[in-house]
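Chemist: For reference, the structure I am asking about is given below.
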Amino acid sequence: MRELRYLFALLVGSKRKYVDPSRAVEILKDAFKSNDSQQQDVSEFTHKLLDWLEDAFQIKAEEERDGEKPKNPMVELFYGRFLAVGVLEGKKFENTEMFGQYPLQVNGFKDLHECLEAAMIEGEIESLHSENSAKSGQEHWFTELPPVLTFELSRFEFNQALGRPEKIHNKLEFPPILYLDRYMHKNREITRIKRDEIKRLKEYLTVLQQRLERYLSYGSGPKRFPLVDVLQYALEFASSKPVCTSPVDDLGASAPASGTLPPQLPPSTIEQQGPSSSDVPSTSPVQRSVIHKPFTQSRIPPDLPMHPAPRHITEEELSVLEGCLHRWRTEVENDTRDLQESISRIHRTIELMYSDKTMVQVPYRLHAVLVHEGQANAGHYWAYIYDHHQNRWMKYNDISVTKSTWEELERDSFGGYRNASAYCLMYINDKEQYLIQEEFNKETGQMLVGMDTLPSDLRDYVKEDNKRFEKELEEWDAELAQKAQQEKLLSQIPRAPAPSPAPVQAGEPEYLEQPSRTDISKHLKEDSVQAINKALAEQEDRGPEAIMDTAIKLEYTRLLKLAQEDPPPECDYRLRHAIVYFIQNQAPKKIIERTLLEQFGDHNLSFDERCRNIMKVAQAKLEMIKPDEVNMEEYERWHQDYRHFRETTMFLMVGLEFFQKKSYMEALLYLIYAYQNNKELLSKGPYRGHDEELISHYRRECLLKLNEHAAALFESGDDQEVNNGLIIMNELIVPCLPLLLVDEMEEKDIVAVEDMRNRWCSYLGQEMEPNLQEKLTDFLPKLLDCSTEIKGFNDPPKLPSYSTHELCERYARIMLSLSRTPADGR
């Protein structure tokens, strides 16, 4: 009790991001440990916890009582009473029982009221009101409801065929406001009348639905159609006019070949005439030649209608038939509409049966929903709790507490979506305002909030913990400052020049540090020289400044043309020059102008006299630019974004190279960083990054391949292989799952996560060695944890050092190889 007081006090007043409950949890684990050390069901744990707290309060209450009956706050808050009225083997009985968490079956019901109706009535209801009945049955009526009413939703059933429990994720709706008047003992008589009326309406509803079904599924064979459509088809057939055509005409009207029939003579005519006497002499029947008669063998009717239509029908017959079909169709339409309206009215009547004033006097407001995701033997839990003061839902998911909505709660809790559903609902009496009201200081009349609501001993405890936290922060800041100082000192130490790198084999990237913008500018030397040479050819007799202006215009025109083209995926012109990237993303004109000046003012152009003069002019112009003309912070941001884009490209490229080599562990980290960087870029504009779907696909495929590999290692049963498989899962797969689930619109990612989880959950029903079962039980909760808090990764991997030419060449090669082996679209 003391540890729980400390825990709840910290929840109220701690300055930490989250409160560590380890001390309280350890005590609870020791107290509730079962003999076989199996993981306990959360409902069983909650029952035991409430019982334990009730006993603790009872001891305290008995110690402090002064001749009065002790009051137990646990009982007063969480426990209610119901009256059981029934018949057992013909004998009536009536007794009162106390309840805490009220259990409800989920399977077979669509909403909470249906669950409650089924829980409140057992057996033959009619026998309860009959004087002479040997049948048994009972009704439950609430006589006293607790301020905090907890419904325990039974979402487990035992699969006899598999010999194991299974989770039920069927959809079950529950309302934000629940009126319990119909279940109260004081409303017993009126509720019974309404139940009888609902039963009668439902029976009538069944009859109407059966009648409607005969109209909507008409026919005696396996295929049924709406009767109104059948009549319409008959009407269309009767009204059709026959349009005839010859079979020869229907198959084509090419010129008759030798030995074929002339089109004006149908086959039947030839058959009737028979062979001529001149062709076949009567005295030599054996010498009679066979005459080729196409189409005669199939016996096709001479006049074939183009469309189905009556062959023989008089105007009088058609008139009578059309009149009948029109009248019958109208009658069927009216009957169908009347049945549908009657069914809707009955549904509405049933829905409003308990909406009169007398049956909305006991409102309970949904306060908390406990959600479980996973299977019967493993999973992850989180909660939604309503903040009455801010009028919004909050999601409590381990150390992550976030604002939420009723729509998100509905999606996670109702079931039928993903592998998650509510297992516990907590409603509070909406008329008992003391449950949610802030406390007031009686002396000052001021509202008490936060720490002020705590007793003095708990306030002191929380203050001490906050002081410890502040000290931890100071130590952390000092440690970071010390590291920064060490890095600064190291950066000032002169370094020996790096040795020349060995030649790199084709297809094998050399892993060095990412080049800086200065390094990248060296790759622009060739472009600058070409622009200068063109400018000199046009204006050879002009001075350096005029030559530079012309060279800049020529270079800008070239880059503008590249930016305006629509190249294939393997030719991304943004990689060739930052200006292309800037133009496509509508960078300010001053940013582009200064970037071009920097290109022509680069020291790499000092290799000959002409270029050196132009370089000096460009540098002089750069120095003349005033601070208010170009925002240098904005300028640096644009160049930082471009470096970020190149870096993302290299992450993607190296990741895809590893993927094609089936080195999925190496590929994964590069693709993770490529996706995260790219997402950040795309948030600033559609042309800031690469195709998100492409990176998403290969990131997803990497995880699926690694998951299959890890599962295969686990299935081997070898200790070392099993451990290797679990290391892959814990260090690579599990940390990545929140990255796939963070965007709930990415359906393919969500399906992939479900595939991976289902693969491991499928082992739960299989026989395996105890040590494997133990490892699986320990691992599954981590896999099924759907926390959306992104877990941090180590420092990003080192990237190859590419020149602009090498980068474009490698990028083109890898993108072309992808087009030859397209994604499977998982």
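Note on naming: chains are A, B, ... as they come in the structure tokens, residues start from 1 per chain, ligands start from 1 in the order shown.
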Would you mind listing what lies within 10 Å of Ile552 (chain A) as a PyMOL selection string, with only C-alpha atoms counted and same-chain residues fewer than 5 positions away left out?
Modeler: chain A and resi 528+531-532+535+546-547+557-558+593+596-597+599-600
Chemist: List as a ChimeraX atom specification the protein and nucleic acid residues near Trp638 (chain A), meaning an atom at most 12 Å away when only C-alpha atoms are counted, but skip any in the same chain fewer than 2 places from it.
Modeler: /A:517,578-579,581-583,585-588,590-592,594-595,631-636,640-645,681,684,688
Chemist: List the spatial neighbours of region 394-400 of chain A as an MDAnalysis selection string - criterion: any atom at most 6 Å away, only C-alpha atoms, same-chain residues fewer than 6 positions off excluded.
Modeler: chainID A and resid 18 382:385
Chemist: Choose the residue, out of A:Val228, A:Ala84, A:Ala119, A:Ile346, that has the smallest atom-to-atom separation from Arg200 (chain A); count only C-alpha atoms.
Modeler: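 Result for the nearest residue to Arg200 (chain A): A:Ile346.
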Chemist: Can you list, as a PDB file with N, CA and C atoms, in the first residue's frame, every protein, DNA or RNA residue that comes within 10 Å of Leu28 (chain A) when you count only C-alpha atoms, leaving out same-chain residues fewer than 3 positions away?
Modeler:
```pdb
ATOM      1  N   SER A  22       8.813   0.014 -10.873  1.00  0.00           N
ATOM      2  CA  SER A  22       9.475  -1.263 -10.604  1.00  0.00           C
ATOM      3  C   SER A  22       9.291  -1.740  -9.162  1.00  0.00           C
ATOM      4  N   ARG A  23       9.399  -0.833  -8.188  1.00  0.00           N
ATOM      5  CA  ARG A  23       9.324  -1.263  -6.784  1.00  0.00           C
ATOM      6  C   ARG A  23       7.952  -1.843  -6.465  1.00  0.00           C
ATOM      7  N   ALA A  24       6.915  -1.180  -6.916  1.00  0.00           N
ATOM      8  CA  ALA A  24       5.565  -1.701  -6.678  1.00  0.00           C
ATOM      9  C   ALA A  24       5.348  -3.000  -7.438  1.00  0.00           C
ATOM     10  N   VAL A  25       5.861  -3.067  -8.686  1.00  0.00           N
ATOM     11  CA  VAL A  25       5.663  -4.266  -9.505  1.00  0.00           C
ATOM     12  C   VAL A  25       6.332  -5.482  -8.871  1.00  0.00           C
ATOM     13  N   ALA A  31       3.801 -11.310  -4.559  1.00  0.00           N
ATOM     14  CA  ALA A  31       2.547 -11.641  -3.889  1.00  0.00           C
ATOM     15  C   ALA A  31       1.658 -12.536  -4.737  1.00  0.00           C
ATOM     16  N   PHE A  32       1.691 -12.334  -6.061  1.00  0.00           N
ATOM     17  CA  PHE A  32       0.764 -13.043  -6.940  1.00  0.00           C
ATOM     18  C   PHE A  32       1.406 -14.193  -7.706  1.00  0.00           C
ATOM     19  N   LYS A  33       2.650 -14.514  -7.381  1.00  0.00           N
ATOM     20  CA  LYS A  33       3.339 -15.556  -8.137  1.00  0.00           C
ATOM     21  C   LYS A  33       2.614 -16.882  -7.961  1.00  0.00           C
ATOM     22  N   PHE A  45      -5.310 -11.241 -12.556  1.00  0.00           N
ATOM     23  CA  PHE A  45      -4.428 -10.356 -11.791  1.00  0.00           C
ATOM     24  C   PHE A  45      -5.222  -9.186 -11.191  1.00  0.00           C
ATOM     25  N   LYS A  48      -7.258 -10.263  -8.228  1.00  0.00           N
ATOM     26  CA  LYS A  48      -6.421 -10.465  -7.036  1.00  0.00           C
ATOM     27  C   LYS A  48      -5.970  -9.129  -6.447  1.00  0.00           C
ATOM     28  N   LEU A  49      -5.627  -8.186  -7.335  1.00  0.00           N
ATOM     29  CA  LEU A  49      -5.177  -6.876  -6.862  1.00  0.00           C
ATOM     30  C   LEU A  49      -6.290  -6.170  -6.083  1.00  0.00           C
ATOM     31  N   TRP A  52      -6.800  -7.809  -2.757  1.00  0.00           N
ATOM     32  CA  TRP A  52      -5.696  -7.501  -1.842  1.00  0.00           C
ATOM     33  C   TRP A  52      -5.854  -6.094  -1.265  1.00  0.00           C
TER      34      TRP A  52
END
```
Chemist: At what distance in Å, to one decimal, does CA of Trp141 (chain A) lie from CA of Tyr183 (chain A)?
Modeler: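 CA of Trp141 (chain A) lies 5.6 Å from CA of Tyr183 (chain A).
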Chemist: Determine which residues of region 136-233 of chain A DSSP labels as strand (DSSP E or B) from the backbone of this structure, then write them out as a PyMOL selection string.
Modeler: chain A and resi 137-144+148-154+156-159+164-167+173+177-179+184+218+225
Chemist: Of the residues A:Arg810, A:Lys92, A:Arg195, A:Arg155, which is the one nearest to Phe109 (chain A), using only C-alpha atoms?
Modeler: A:Arg155
Chemist: Please identify all polymer residues within 12 Å of Gln676 (chain A), counting only C-alpha atoms, omitting same-chain residues fewer than 3 positions from it, and present them as a ChimeraX atom specification.
Modeler: /A:644-645,647-649,651-652,669-673,679-683,689-690,692,695-696,699,736,739-740,742,790,792-793,796
Chemist: Please list as a list in words every residue within 6 Å of region 562-566 of chain A, counting only C-alpha atoms and excluding residues in the same chain fewer than 2 positions away.
Modeler: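 Residues meeting the cut-off are Leu559, Leu560 and Val580 of chain A.
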Chemist: How would the residues just picked look written out with C-alpha atoms as a JSON list (two decimals), in the first residue's frame?
Modeler:
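Saved result, part-v1.json, follows:
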```json
[["chain", "number", "residue", "atom", "x", "y", "z"],
["A", 559, "LEU", "CA", 20.82, 23.94, -65.53],
["A", 560, "LEU", "CA", 17.37, 25.45, -66.07],
["A", 580, "VAL", "CA", 18.70, 21.93, -60.48]]
```
Chemist: Considering only C-alpha atoms, state which residue in the set A:Lys186, A:Arg211, A:Arg192, A:His113 is at the smallest distance from Phe174 (chain A).
Modeler: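 For Phe174 (chain A), the nearest of the given residues is A:His113.
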Chemist: With a distance cut-off of 12 Å and only C-alpha atoms, select the neighbouring residues of Ala712 (chain A), excluding the residue or stretch itself and same-chain residues fewer than 5 positions from it, and output the selection as a list of chain:residue names.
Modeler: A:Lys705, A:Leu706, A:Asn707, A:Gly717, A:Asp718, A:Glu721, A:Val722, A:Asn723, A:Asn724, A:Gly725, A:Leu726, A:Ile728, A:Met729, A:Arg759, A:Trp760, A:Tyr763
Chemist: Store the residues picked out above, limited to N, CA, C and O atoms, as a JSON list (two decimals), in the first residue's frame.
Modeler:
```json
[["chain", "number", "residue", "atom", "x", "y", "z"],
["A", 705, "LYS", "N", 12.21, -10.46, -45.29],
["A", 705, "LYS", "CA", 13.24, -11.47, -45.56],
["A", 705, "LYS", "C", 13.97, -11.84, -44.26],
["A", 705, "LYS", "O", 14.23, -13.02, -43.99],
["A", 706, "LEU", "N", 14.32, -10.83, -43.47],
["A", 706, "LEU", "CA", 15.02, -11.10, -42.21],
["A", 706, "LEU", "C", 14.13, -11.86, -41.23],
["A", 706, "LEU", "O", 14.59, -12.73, -40.51],
["A", 707, "ASN", "N", 12.84, -11.52, -41.23],
["A", 707, "ASN", "CA", 11.91, -12.23, -40.35],
["A", 707, "ASN", "C", 11.84, -13.71, -40.73],
["A", 707, "ASN", "O", 11.83, -14.59, -39.86],
["A", 717, "GLY", "N", 15.78, -25.37, -33.91],
["A", 717, "GLY", "CA", 15.87, -25.96, -32.58],
["A", 717, "GLY", "C", 17.26, -25.95, -31.99],
["A", 717, "GLY", "O", 17.44, -26.19, -30.79],
["A", 718, "ASP", "N", 18.29, -25.69, -32.81],
["A", 718, "ASP", "CA", 19.66, -25.61, -32.30],
["A", 718, "ASP", "C", 19.82, -24.36, -31.45],
["A", 718, "ASP", "O", 19.42, -23.26, -31.85],
["A", 721, "GLU", "N", 21.59, -21.44, -33.13],
["A", 721, "GLU", "CA", 20.78, -20.89, -34.21],
["A", 721, "GLU", "C", 19.57, -20.13, -33.67],
["A", 721, "GLU", "O", 19.21, -19.06, -34.17],
["A", 722, "VAL", "N", 18.91, -20.72, -32.65],
["A", 722, "VAL", "CA", 17.75, -20.06, -32.04],
["A", 722, "VAL", "C", 18.14, -18.71, -31.47],
["A", 722, "VAL", "O", 17.45, -17.70, -31.68],
["A", 723, "ASN", "N", 19.27, -18.67, -30.77],
["A", 723, "ASN", "CA", 19.72, -17.40, -30.19],
["A", 723, "ASN", "C", 20.04, -16.38, -31.28],
["A", 723, "ASN", "O", 19.71, -15.20, -31.15],
["A", 724, "ASN", "N", 20.66, -16.85, -32.38],
["A", 724, "ASN", "CA", 20.96, -15.93, -33.49],
["A", 724, "ASN", "C", 19.68, -15.37, -34.09],
["A", 724, "ASN", "O", 19.59, -14.19, -34.43],
["A", 725, "GLY", "N", 18.67, -16.24, -34.23],
["A", 725, "GLY", "CA", 17.39, -15.78, -34.77],
["A", 725, "GLY", "C", 16.74, -14.74, -33.89],
["A", 725, "GLY", "O", 16.21, -13.73, -34.37],
["A", 726, "LEU", "N", 16.78, -14.97, -32.57],
["A", 726, "LEU", "CA", 16.16, -14.02, -31.64],
["A", 726, "LEU", "C", 16.95, -12.72, -31.57],
["A", 726, "LEU", "O", 16.38, -11.65, -31.34],
["A", 728, "ILE", "N", 18.47, -11.37, -34.16],
["A", 728, "ILE", "CA", 18.00, -10.64, -35.35],
["A", 728, "ILE", "C", 16.67, -9.95, -35.06],
["A", 728, "ILE", "O", 16.46, -8.79, -35.41],
["A", 729, "MET", "N", 15.77, -10.69, -34.42],
["A", 729, "MET", "CA", 14.45, -10.13, -34.14],
["A", 729, "MET", "C", 14.54, -8.97, -33.15],
["A", 729, "MET", "O", 13.94, -7.91, -33.36],
["A", 759, "ARG", "N", 3.50, -15.00, -38.07],
["A", 759, "ARG", "CA", 4.46, -16.09, -38.26],
["A", 759, "ARG", "C", 4.94, -16.62, -36.91],
["A", 759, "ARG", "O", 5.03, -17.82, -36.67],
["A", 760, "TRP", "N", 5.24, -15.70, -35.99],
["A", 760, "TRP", "CA", 5.75, -16.11, -34.68],
["A", 760, "TRP", "C", 4.63, -16.59, -33.75],
["A", 760, "TRP", "O", 4.83, -17.51, -32.97],
["A", 763, "TYR", "N", 3.61, -20.33, -33.72],
["A", 763, "TYR", "CA", 4.35, -21.34, -32.94],
["A", 763, "TYR", "C", 3.68, -21.67, -31.61],
["A", 763, "TYR", "O", 4.01, -22.66, -30.97]]
```
